[in-house]
Amino acid sequence: MMRNMASMMKKVQDMQGRIEVMQRDLVGMEFTATVGGGAVSATVTGNGKLVKLKLNLETLDPSDTEMLEDMICLATNNAHQQAAEEKAR
């Protein structure tokens with residue numbers, strides 16, 4: 001009984017170690033989403049930090065700021081979703 005318990009504890013510790021490594025790896029990963037046919041691209045890290053935002057001025061209408069704001073939000077949210085999906089795997 002005690003040997004079985006010690007074995008289970010060892011497995012739990014090993015699993016915790018693997019989870020910690022995966023979480024560290026995820027933080028170092030970047031996830032990019034592009035919307036509007038390449039008009040807006042957002043890149044976030046695995047822990048959700050926005051690290052890059054690209055705007056293709058050739059495809060954007062400078063007078064339509066509301067559309068630009070929506071595309072920035074959508075690209076950022078899509079990149080966050082990619083990170084969340086990777087984390088759930």
# chains A, B, ... in the order shown; residues from 1 in each chain; ligands from 1
>>> select_by_dssp(residues="region 17-86 of chain A", states="alpha helix (DSSP H)", output="JSON, numbers by chain")
{"A": [17, 18, 19, 20, 21, 22, 23, 24, 25, 26, 27, 28, 65, 66, 67, 68, 69, 70, 71, 72, 73, 74, 75, 76, 77, 78, 79, 80, 81, 82, 83, 84, 85, 86]}
>>> write_last_selection(atoms="C-alpha atoms", output="PDB file, in the first residue's frame")
ATOM      1  CA  GLY A  17       7.228  19.120 -13.664  1.00  0.00           C
ATOM      2  CA  ARG A  18       6.047  18.503 -17.225  1.00  0.00           C
ATOM      3  CA  ILE A  19       3.208  21.010 -16.796  1.00  0.00           C
ATOM      4  CA  GLU A  20       5.640  23.659 -15.553  1.00  0.00           C
ATOM      5  CA  VAL A  21       7.906  23.099 -18.562  1.00  0.00           C
ATOM      6  CA  MET A  22       4.945  23.306 -20.943  1.00  0.00           C
ATOM      7  CA  GLN A  23       3.770  26.549 -19.326  1.00  0.00           C
ATOM      8  CA  ARG A  24       7.252  28.088 -19.649  1.00  0.00           C
ATOM      9  CA  ASP A  25       7.413  26.990 -23.274  1.00  0.00           C
ATOM     10  CA  LEU A  26       3.977  28.472 -23.951  1.00  0.00           C
ATOM     11  CA  VAL A  27       5.017  31.862 -22.572  1.00  0.00           C
ATOM     12  CA  GLY A  28       7.864  31.934 -25.095  1.00  0.00           C
ATOM     13  CA  THR A  65     -11.428  54.482 -37.813  1.00  0.00           C
ATOM     14  CA  GLU A  66     -14.282  52.388 -36.436  1.00  0.00           C
ATOM     15  CA  MET A  67     -13.504  49.587 -38.902  1.00  0.00           C
ATOM     16  CA  LEU A  68      -9.808  49.780 -38.001  1.00  0.00           C
ATOM     17  CA  GLU A  69     -10.620  49.561 -34.295  1.00  0.00           C
ATOM     18  CA  ASP A  70     -12.846  46.536 -34.921  1.00  0.00           C
ATOM     19  CA  MET A  71     -10.148  44.796 -36.968  1.00  0.00           C
ATOM     20  CA  ILE A  72      -7.523  45.427 -34.268  1.00  0.00           C
ATOM     21  CA  CYS A  73      -9.815  43.911 -31.650  1.00  0.00           C
ATOM     22  CA  LEU A  74     -10.669  40.943 -33.862  1.00  0.00           C
ATOM     23  CA  ALA A  75      -7.052  40.187 -34.767  1.00  0.00           C
ATOM     24  CA  THR A  76      -5.969  40.461 -31.133  1.00  0.00           C
ATOM     25  CA  ASN A  77      -8.824  38.272 -29.910  1.00  0.00           C
ATOM     26  CA  ASN A  78      -8.109  35.677 -32.601  1.00  0.00           C
ATOM     27  CA  ALA A  79      -4.448  35.540 -31.587  1.00  0.00           C
ATOM     28  CA  HIS A  80      -5.493  35.147 -27.943  1.00  0.00           C
ATOM     29  CA  GLN A  81      -7.812  32.312 -28.987  1.00  0.00           C
ATOM     30  CA  GLN A  82      -4.928  30.538 -30.745  1.00  0.00           C
ATOM     31  CA  ALA A  83      -2.860  30.811 -27.562  1.00  0.00           C
ATOM     32  CA  ALA A  84      -5.730  29.477 -25.459  1.00  0.00           C
ATOM     33  CA  GLU A  85      -6.216  26.521 -27.812  1.00  0.00           C
ATOM     34  CA  GLU A  86      -2.509  25.689 -27.638  1.00  0.00           C
TER      35      GLU A  86
END
>>> closest_residue(among="A:Ser63, A:Ser7, A:Thr32, A:Gln16", to="Lys49 (chain A)", atoms="only C-alpha atoms")
A:Thr32
>>> closest_residue(among="A:Met8, A:Ala88, A:Phe31, A:Ala39", to="Asn56 (chain A)", atoms="only C-alpha atoms")
A:Ala39
>>> closest_residue(among="A:Thr34, A:Ser41, A:Asn4, A:Gln13", to="Lys54 (chain A)", atoms="only C-alpha atoms")
A:Ser41
>>> atom_distance(atom1="CA of Asp64 (chain A)", atom2="CA of Ala33 (chain A)")
21.0 Å
>>> atom_distance(atom1="CA of Glu58 (chain A)", atom2="CA of Val35 (chain A)")
14.1 Å
>>> closest_residue(among="A:Lys11, A:Gly36, A:Ala6, A:Thr45", to="Lys87 (chain A)", atoms="only C-alpha atoms")
A:Thr45
>>> select_by_dssp(residues="chain A", states="strand (DSSP E)", output="number ranges by chain")
A: 30-35, 40-45, 50-55
